[in-house]
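Structure below is input-v7.pdb: PDB, C-alpha atoms, pLDDT in the B column.
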ATOM      1  CA  MET A   1     240.889  -8.520 161.733  1.00 66.00           C
ATOM      2  CA  ILE A   2     243.741  -6.530 160.202  1.00 67.00           C
ATOM      3  CA  PRO A   3     244.005  -2.980 161.535  1.00 69.00           C
ATOM      4  CA  LEU A   4     243.403  -0.413 158.803  1.00 63.00           C
ATOM      5  CA  SER A   5     246.768   1.214 159.514  1.00 66.00           C
ATOM      6  CA  ASN A   6     248.496  -1.984 158.298  1.00 72.00           C
ATOM      7  CA  LEU A   7     247.231  -1.292 154.783  1.00 72.00           C
ATOM      8  CA  TYR A   8     249.305   1.873 154.477  1.00 80.00           C
ATOM      9  CA  TRP A   9     252.715   0.152 154.409  1.00 83.00           C
ATOM     10  CA  ALA A  10     253.644   1.439 150.941  1.00 86.00           C
ATOM     11  CA  THR A  11     251.480   4.459 150.190  1.00 89.00           C
ATOM     12  CA  GLY A  12     251.032   6.191 153.485  1.00 88.00           C
ATOM     13  CA  GLU A  13     247.594   7.075 154.812  1.00 89.00           C
ATOM     14  CA  ILE A  14     245.566   7.747 151.661  1.00 89.00           C
ATOM     15  CA  PRO A  15     242.131   6.471 150.536  1.00 90.00           C
ATOM     16  CA  PHE A  16     241.976   2.980 149.038  1.00 89.00           C
ATOM     17  CA  GLU A  17     241.213   4.254 145.516  1.00 92.00           C
ATOM     18  CA  GLU A  18     244.383   6.360 145.610  1.00 94.00           C
ATOM     19  CA  GLN A  19     246.361   3.371 146.870  1.00 93.00           C
ATOM     20  CA  VAL A  20     245.208   1.368 143.849  1.00 94.00           C
ATOM     21  CA  LEU A  21     246.299   4.186 141.521  1.00 96.00           C
ATOM     22  CA  TRP A  22     249.643   4.469 143.336  1.00 95.00           C
ATOM     23  CA  PHE A  23     250.376   0.754 142.876  1.00 96.00           C
ATOM     24  CA  GLU A  24     249.206   0.818 139.260  1.00 97.00           C
ATOM     25  CA  LYS A  25     251.552   3.731 138.528  1.00 97.00           C
ATOM     26  CA  LYS A  26     254.499   1.992 140.237  1.00 97.00           C
ATOM     27  CA  CYS A  27     253.900  -1.205 138.272  1.00 97.00           C
ATOM     28  CA  ASP A  28     253.470   0.708 135.024  1.00 97.00           C
ATOM     29  CA  GLU A  29     256.722   2.615 135.579  1.00 97.00           C
ATOM     30  CA  GLY A  30     258.566  -0.585 136.474  1.00 97.00           C
ATOM     31  CA  LEU A  31     257.092  -2.567 133.590  1.00 98.00           C
ATOM     32  CA  LYS A  32     258.882  -0.476 130.966  1.00 96.00           C
ATOM     33  CA  GLY A  33     262.278  -1.293 132.457  1.00 98.00           C
ATOM     34  CA  TRP A  34     261.456  -4.967 132.958  1.00 98.00           C
ATOM     35  CA  GLU A  35     260.270  -5.312 129.345  1.00 98.00           C
ATOM     36  CA  GLU A  36     263.465  -3.670 128.070  1.00 98.00           C
ATOM     37  CA  LEU A  37     265.549  -6.023 130.197  1.00 98.00           C
ATOM     38  CA  LEU A  38     263.548  -9.013 128.930  1.00 98.00           C
ATOM     39  CA  GLN A  39     264.273  -8.009 125.318  1.00 98.00           C
ATOM     40  CA  LYS A  40     267.989  -7.799 126.169  1.00 98.00           C
ATOM     41  CA  CYS A  41     267.823 -11.232 127.800  1.00 98.00           C
ATOM     42  CA  ARG A  42     266.237 -12.768 124.730  1.00 97.00           C
ATOM     43  CA  SER A  43     268.814 -11.148 122.454  1.00 98.00           C
ATOM     44  CA  LEU A  44     271.653 -12.429 124.620  1.00 97.00           C
ATOM     45  CA  GLU A  45     270.172 -15.927 124.750  1.00 96.00           C
ATOM     46  CA  LEU A  46     270.356 -16.107 120.948  1.00 96.00           C
ATOM     47  CA  GLN A  47     274.124 -15.701 121.193  1.00 97.00           C
ATOM     48  CA  LEU A  48     274.542 -18.613 123.600  1.00 97.00           C
ATOM     49  CA  GLY A  49     274.767 -22.341 123.062  1.00 97.00           C
ATOM     50  CA  GLU A  50     271.747 -24.486 123.927  1.00 96.00           C
ATOM     51  CA  GLU A  51     272.953 -25.516 127.387  1.00 96.00           C
ATOM     52  CA  ASP A  52     273.982 -21.973 128.288  1.00 97.00           C
ATOM     53  CA  GLN A  53     270.656 -20.644 126.993  1.00 97.00           C
ATOM     54  CA  GLN A  54     268.811 -22.893 129.416  1.00 96.00           C
ATOM     55  CA  ARG A  55     271.117 -22.001 132.293  1.00 96.00           C
ATOM     56  CA  PHE A  56     270.763 -18.264 131.570  1.00 98.00           C
ATOM     57  CA  TYR A  57     266.984 -18.638 131.375  1.00 97.00           C
ATOM     58  CA  ASP A  58     266.805 -20.581 134.644  1.00 96.00           C
ATOM     59  CA  GLN A  59     269.073 -18.226 136.563  1.00 96.00           C
ATOM     60  CA  PHE A  60     268.119 -14.844 135.149  1.00 97.00           C
ATOM     61  CA  THR A  61     265.502 -14.541 132.406  1.00 98.00           C
ATOM     62  CA  LEU A  62     262.936 -16.479 134.446  1.00 97.00           C
ATOM     63  CA  HIS A  63     262.991 -13.822 137.150  1.00 96.00           C
ATOM     64  CA  VAL A  64     262.644 -11.017 134.617  1.00 98.00           C
ATOM     65  CA  GLU A  65     259.645 -12.804 133.066  1.00 98.00           C
ATOM     66  CA  LEU A  66     258.075 -13.120 136.515  1.00 97.00           C
ATOM     67  CA  HIS A  67     258.395  -9.377 137.043  1.00 97.00           C
ATOM     68  CA  VAL A  68     256.939  -8.609 133.593  1.00 98.00           C
ATOM     69  CA  SER A  69     253.953 -10.927 134.013  1.00 98.00           C
ATOM     70  CA  GLY A  70     253.434  -9.798 137.608  1.00 97.00           C
ATOM     71  CA  CYS A  71     253.426  -6.115 136.659  1.00 98.00           C
ATOM     72  CA  LYS A  72     251.037  -6.748 133.766  1.00 98.00           C
ATOM     73  CA  GLY A  73     248.773  -8.851 135.972  1.00 98.00           C
ATOM     74  CA  PHE A  74     248.610  -6.212 138.679  1.00 98.00           C
ATOM     75  CA  ILE A  75     248.079  -3.341 136.217  1.00 98.00           C
ATOM     76  CA  THR A  76     245.097  -5.095 134.640  1.00 98.00           C
ATOM     77  CA  LEU A  77     243.742  -5.898 138.111  1.00 98.00           C
ATOM     78  CA  CYS A  78     243.901  -2.173 138.931  1.00 98.00           C
ATOM     79  CA  ASN A  79     242.080  -1.471 135.648  1.00 98.00           C
ATOM     80  CA  ALA A  80     239.426  -3.996 136.682  1.00 98.00           C
ATOM     81  CA  TYR A  81     238.954  -2.171 139.977  1.00 98.00           C
ATOM     82  CA  SER A  82     238.479   1.122 138.119  1.00 97.00           C
ATOM     83  CA  HIS A  83     235.803  -0.409 135.875  1.00 98.00           C
ATOM     84  CA  PHE A  84     234.132  -2.075 138.838  1.00 97.00           C
ATOM     85  CA  ARG A  85     233.867   1.207 140.754  1.00 97.00           C
ATOM     86  CA  LYS A  86     232.072   2.685 137.718  1.00 97.00           C
ATOM     87  CA  GLN A  87     229.794  -0.387 137.666  1.00 96.00           C
ATOM     88  CA  GLU A  88     231.185  -1.378 134.264  1.00 97.00           C
ATOM     89  CA  PHE A  89     230.956  -5.031 135.218  1.00 97.00           C
ATOM     90  CA  PRO A  90     231.607  -6.678 131.826  1.00 97.00           C
ATOM     91  CA  GLN A  91     234.767  -4.570 131.395  1.00 98.00           C
ATOM     92  CA  ALA A  92     235.901  -5.364 134.941  1.00 98.00           C
ATOM     93  CA  PHE A  93     235.240  -9.061 134.271  1.00 98.00           C
ATOM     94  CA  VAL A  94     237.410  -8.950 131.140  1.00 98.00           C
ATOM     95  CA  ARG A  95     240.230  -7.087 132.904  1.00 98.00           C
ATOM     96  CA  VAL A  96     240.326  -9.697 135.679  1.00 98.00           C
ATOM     97  CA  ALA A  97     240.459 -12.420 133.012  1.00 98.00           C
ATOM     98  CA  GLN A  98     243.411 -10.598 131.426  1.00 98.00           C
ATOM     99  CA  SER A  99     245.095 -10.441 134.826  1.00 98.00           C
ATOM    100  CA  ILE A 100     244.604 -14.200 135.177  1.00 98.00           C
ATOM    101  CA  ARG A 101     246.278 -14.743 131.802  1.00 98.00           C
ATOM    102  CA  HIS A 102     249.267 -12.621 132.824  1.00 98.00           C
ATOM    103  CA  TYR A 103     249.717 -14.523 136.081  1.00 98.00           C
ATOM    104  CA  ASN A 104     249.335 -17.803 134.179  1.00 97.00           C
ATOM    105  CA  ASN A 105     252.327 -16.659 132.130  1.00 98.00           C
ATOM    106  CA  SER A 106     254.227 -16.618 135.416  1.00 96.00           C
ATOM    107  CA  ILE A 107     253.324 -20.273 135.975  1.00 95.00           C
ATOM    108  CA  LEU A 108     254.455 -21.136 132.432  1.00 96.00           C
ATOM    109  CA  ALA A 109     257.761 -19.328 133.010  1.00 96.00           C
ATOM    110  CA  LEU A 110     258.348 -21.365 136.159  1.00 95.00           C
ATOM    111  CA  LYS A 111     257.556 -24.596 134.321  1.00 95.00           C
ATOM    112  CA  ARG A 112     260.128 -23.743 131.613  1.00 95.00           C
ATOM    113  CA  ALA A 113     262.765 -23.620 134.341  1.00 95.00           C
ATOM    114  CA  GLU A 114     261.787 -27.049 135.709  1.00 94.00           C
ATOM    115  CA  HIS A 115     263.831 -29.774 134.081  1.00 94.00           C
ATOM    116  CA  GLY A 116     266.195 -32.542 135.045  1.00 93.00           C
ATOM    117  CA  LYS A 117     266.811 -32.592 138.784  1.00 92.00           C
ATOM    118  CA  TRP A 118     264.837 -29.327 139.079  1.00 90.00           C
ATOM    119  CA  GLU A 119     261.622 -30.835 137.725  1.00 92.00           C
ATOM    120  CA  TYR A 120     258.641 -29.894 139.942  1.00 89.00           C
ATOM    121  CA  PHE A 121     260.853 -27.502 141.946  1.00 88.00           C
ATOM    122  CA  TYR A 122     258.355 -24.634 141.724  1.00 86.00           C
ATOM    123  CA  ARG A 123     255.454 -26.706 143.011  1.00 85.00           C
ATOM    124  CA  ALA A 124     256.509 -25.085 146.271  1.00 79.00           C
ATOM    125  CA  ASP A 125     254.201 -22.180 145.507  1.00 78.00           C
ATOM    126  CA  TRP A 126     254.772 -20.530 148.853  1.00 74.00           C
ATOM    127  CA  LEU A 127     257.926 -19.142 147.206  1.00 71.00           C
ATOM    128  CA  THR A 128     255.839 -17.028 144.822  1.00 78.00           C
ATOM    129  CA  ASN A 129     252.145 -17.328 145.800  1.00 91.00           C
ATOM    130  CA  ILE A 130     251.204 -17.172 142.115  1.00 95.00           C
ATOM    131  CA  LYS A 131     248.716 -20.027 142.408  1.00 93.00           C
ATOM    132  CA  SER A 132     247.139 -18.339 145.411  1.00 93.00           C
ATOM    133  CA  THR A 133     246.864 -15.130 143.386  1.00 96.00           C
ATOM    134  CA  LEU A 134     245.235 -17.033 140.527  1.00 97.00           C
ATOM    135  CA  TYR A 135     242.773 -18.654 142.926  1.00 96.00           C
ATOM    136  CA  SER A 136     241.794 -15.245 144.305  1.00 96.00           C
ATOM    137  CA  LEU A 137     241.495 -13.702 140.839  1.00 98.00           C
ATOM    138  CA  ASP A 138     239.260 -16.535 139.664  1.00 98.00           C
ATOM    139  CA  ALA A 139     237.010 -15.974 142.690  1.00 98.00           C
ATOM    140  CA  LEU A 140     236.952 -12.246 141.922  1.00 98.00           C
ATOM    141  CA  ARG A 141     236.047 -12.896 138.291  1.00 98.00           C
ATOM    142  CA  LYS A 142     233.130 -15.088 139.401  1.00 97.00           C
ATOM    143  CA  PHE A 143     231.993 -12.433 141.879  1.00 97.00           C
ATOM    144  CA  ILE A 144     232.028  -9.749 139.173  1.00 97.00           C
ATOM    145  CA  ARG A 145     230.089 -11.974 136.789  1.00 97.00           C
ATOM    146  CA  MET A 146     227.430 -12.448 139.459  1.00 95.00           C
ATOM    147  CA  GLN A 147     227.024  -8.658 139.672  1.00 91.00           C
ATOM    148  CA  GLY A 148     225.836  -8.201 136.115  1.00 89.00           C
ATOM    149  CA  ASP A 149     225.377 -11.493 134.324  1.00 92.00           C
ATOM    150  CA  SER A 150     223.261 -13.436 136.768  1.00 82.00           C
ATOM    151  CA  PRO A 151     220.882 -14.971 137.679  1.00 84.00           C
ATOM    152  CA  ASP A 152     221.152 -17.109 134.537  1.00 82.00           C
ATOM    153  CA  PHE A 153     224.646 -16.103 133.364  1.00 89.00           C
ATOM    154  CA  PHE A 154     223.183 -15.282 129.982  1.00 86.00           C
ATOM    155  CA  LEU A 155     222.598 -11.519 130.122  1.00 89.00           C
ATOM    156  CA  TRP A 156     226.017 -10.435 128.811  1.00 94.00           C
ATOM    157  CA  PHE A 157     225.889 -12.995 126.037  1.00 90.00           C
ATOM    158  CA  LYS A 158     222.489 -11.683 124.992  1.00 87.00           C
ATOM    159  CA  GLU A 159     223.456  -8.012 125.308  1.00 89.00           C
ATOM    160  CA  TYR A 160     226.894  -8.107 123.695  1.00 92.00           C
ATOM    161  CA  LEU A 161     227.398 -11.299 121.710  1.00 90.00           C
ATOM    162  CA  MET A 162     224.062 -12.574 120.443  1.00 86.00           C
ATOM    163  CA  PRO A 163     223.286 -11.532 116.861  1.00 83.00           C
ATOM    164  CA  GLU A 164     220.711  -8.735 116.791  1.00 80.00           C
ATOM    165  CA  THR A 165     218.338 -10.871 114.720  1.00 78.00           C
ATOM    166  CA  GLU A 166     218.199 -13.489 117.483  1.00 76.00           C
ATOM    167  CA  LYS A 167     217.839 -11.203 120.507  1.00 69.00           C
ATOM    168  CA  TYR A 168     214.071 -11.002 120.481  1.00 69.00           C
ATOM    169  CA  ILE A 169     213.000 -14.252 118.898  1.00 67.00           C
ATOM    170  CA  TYR A 170     214.717 -17.287 120.317  1.00 60.00           C
ATOM    171  CA  LEU A 171     213.769 -20.300 122.327  1.00 56.00           C
ATOM    172  CA  GLU A 172     214.950 -19.952 125.915  1.00 55.00           C
ATOM    173  CA  ASN A 173     215.727 -23.640 126.169  1.00 52.00           C
ATOM    174  CA  THR A 174     218.136 -23.512 123.211  1.00 57.00           C
ATOM    175  CA  HIS A 175     220.231 -20.675 124.639  1.00 57.00           C
ATOM    176  CA  ARG A 176     220.524 -21.688 128.278  1.00 63.00           C
ATOM    177  CA  ASN A 177     224.025 -23.209 128.230  1.00 76.00           C
ATOM    178  CA  PRO A 178     226.081 -20.309 129.607  1.00 85.00           C
ATOM    179  CA  LEU A 179     229.595 -19.737 128.335  1.00 90.00           C
ATOM    180  CA  SER A 180     232.474 -20.513 130.660  1.00 93.00           C
ATOM    181  CA  ASP A 181     234.196 -17.554 132.325  1.00 95.00           C
ATOM    182  CA  ASP A 182     237.201 -18.015 130.030  1.00 95.00           C
ATOM    183  CA  GLU A 183     235.177 -18.145 126.823  1.00 95.00           C
ATOM    184  CA  LEU A 184     232.863 -15.292 127.795  1.00 94.00           C
ATOM    185  CA  SER A 185     235.760 -13.050 128.823  1.00 96.00           C
ATOM    186  CA  SER A 186     237.661 -13.835 125.634  1.00 95.00           C
ATOM    187  CA  ARG A 187     234.684 -13.002 123.413  1.00 93.00           C
ATOM    188  CA  LEU A 188     233.813  -9.868 125.390  1.00 95.00           C
ATOM    189  CA  GLU A 189     237.436  -8.747 125.245  1.00 95.00           C
ATOM    190  CA  GLU A 190     237.373  -8.820 121.447  1.00 93.00           C
ATOM    191  CA  LEU A 191     234.220  -6.724 121.438  1.00 91.00           C
ATOM    192  CA  LEU A 192     234.785  -4.297 124.324  1.00 93.00           C
ATOM    193  CA  PHE A 193     238.505  -3.655 123.915  1.00 92.00           C
ATOM    194  CA  GLN A 194     238.901  -4.147 120.138  1.00 79.00           C
ATOM    195  CA  ILE A 195     241.935  -6.436 120.285  1.00 59.00           C
TER     196      ILE A 195
END

Transcribe the structure of this file into structure tokens.
Amino acid sequence: MIPLSNLYWATGEIPFEEQVLWFEKKCDEGLKGWEELLQKCRSLELQLGEEDQQRFYDQFTLHVELHVSGCKGFITLCNAYSHFRKQEFPQAFVRVAQSIRHYNNSILALKRAEHGKWEYFYRADWLTNIKSTLYSLDALRKFIRMQGDSPDFFLWFKEYLMPETEKYIYLENTHRNPLSDDELSSRLEELLFQI
């Protein structure tokens, strides 16, 4: 078991909720600079030839994209924690799904840098642990869904997505195919966060 004092490596000895806020603030502050740098990278790439564009992406822009997607992923994870603490389970579920999408952007960025002799180079995930993060986030999303949408994984669909005219008169056996986590989170996101 990890001693509790090992959790204070960045924030000092403060309650867990304050640690989450501290990390969220740090990521939010850093994100602005990383996004500005990414815009500069993309502008510079447009001025380069095709081969130099790829080289610049592989050697520099890739790492900026990883920081942008990582910051966004962690910020939305912190938002999910905030919703979860307030027992706003559908909102927490959606925020974790958003975090998953941001970290998936990290995987896509790595794949764009894999070509020629460097193809499959980033399969060595121990360099980044992004896949491990995605695995943990997917488990978290499932856990959150079990808190409010079970036992049949139909409650949120009925409460938020089912047309009002169908909520009270429907055949149970025609509405028992639950939506996947991805589809449910996407549809709830549109409703709950007005995107």

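The space between CA of Asp182 in chain A and CA of Gln98 in chain A spans 9.8 Å.
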
For CA of Glu35 in chain A and CA of Ala109 in chain A, the interatomic separation in Å (one decimal):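 These two atoms are separated by 14.7 Å.
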
Using only C-alpha atoms, which residue out of A:Glu88, A:Glu13, A:Glu51, A:Glu36 lies closest to His67 in chain A? A:Glu36

If you apply the PyMOL selection byres ((chain A and resi 79) around 12) to this file, what residues do you get, as a CSV table (one decimal) with C-alpha atoms, keeping the file's coordinate frame?
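Now in part_38.csv:
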chain,number,residue,atom,x,y,z
A,17,GLU,CA,241.2,4.3,145.5
A,20,VAL,CA,245.2,1.4,143.8
A,21,LEU,CA,246.3,4.2,141.5
A,23,PHE,CA,250.4,0.8,142.9
A,24,GLU,CA,249.2,0.8,139.3
A,25,LYS,CA,251.6,3.7,138.5
A,28,ASP,CA,253.5,0.7,135.0
A,72,LYS,CA,251.0,-6.7,133.8
A,73,GLY,CA,248.8,-8.9,136.0
A,74,PHE,CA,248.6,-6.2,138.7
A,75,ILE,CA,248.1,-3.3,136.2
A,76,THR,CA,245.1,-5.1,134.6
A,77,LEU,CA,243.7,-5.9,138.1
A,78,CYS,CA,243.9,-2.2,138.9
A,80,ALA,CA,239.4,-4.0,136.7
A,81,TYR,CA,239.0,-2.2,140.0
A,82,SER,CA,238.5,1.1,138.1
A,83,HIS,CA,235.8,-0.4,135.9
A,84,PHE,CA,234.1,-2.1,138.8
A,85,ARG,CA,233.9,1.2,140.8
A,86,LYS,CA,232.1,2.7,137.7
A,88,GLU,CA,231.2,-1.4,134.3
A,89,PHE,CA,231.0,-5.0,135.2
A,91,GLN,CA,234.8,-4.6,131.4
A,92,ALA,CA,235.9,-5.4,134.9
A,93,PHE,CA,235.2,-9.1,134.3
A,94,VAL,CA,237.4,-9.0,131.1
A,95,ARG,CA,240.2,-7.1,132.9
A,96,VAL,CA,240.3,-9.7,135.7
A,97,ALA,CA,240.5,-12.4,133.0
A,98,GLN,CA,243.4,-10.6,131.4
A,99,SER,CA,245.1,-10.4,134.8

When you count only C-alpha atoms, which of these residues is closest to Phe153 in chain A: A:Glu190, A:Glu114, A:Asn129, A:Asn177?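 Looking only at the distances to Phe153 in chain A, the closest residue turns out to be A:Asn177.
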
What separates CA of Val64 in chain A and CA of Gln39 in chain A is a distance of 9.9 Å

So that I can check the surroundings of Ala113 in chain A, please list as number ranges by chain every protein, DNA and RNA residue that reaches within 8 Å of it, counting only C-alpha atoms and ignoring chain neighbours fewer than 3 positions away. A: 54, 57-58, 62, 109-110, 118

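Comparing A:Pro90, A:Asn105, A:Ile100, A:His115 by their smallest distance to Leu184 in chain A, the closest is A:Pro90 (using all atoms listed in the file).
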
Smallest atom-to-atom distance to Lys142 in chain A: which of A:Ser185, A:Lys117, A:Leu44, A:Tyr160, using only C-alpha atoms?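 Result for the nearest residue to Lys142 in chain A: A:Ser185.
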
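When all atoms listed in the file are used to compute distances to Trp156 in chain A, the closest of the residues A:Lys131, A:Glu18, A:Arg187, A:Trp126 turns out to be A:Arg187.
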
Which of these, A:Leu137, A:Leu191, A:Ile107, A:Leu179, has the shortest distance to Phe157 in chain A once you count only C-alpha atoms?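 Answer, going by the shortest atom-to-atom distance: A:Leu179.
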
Neighbour list for Leu38 in chain A as JSON, numbers by chain, cut-off 12 Å, all atoms listed in the file, skip fewer than 5 positions in-chain: {"A": [31, 32, 33, 43, 44, 45, 57, 60, 61, 62, 63, 64, 65, 66, 67, 68, 69]}
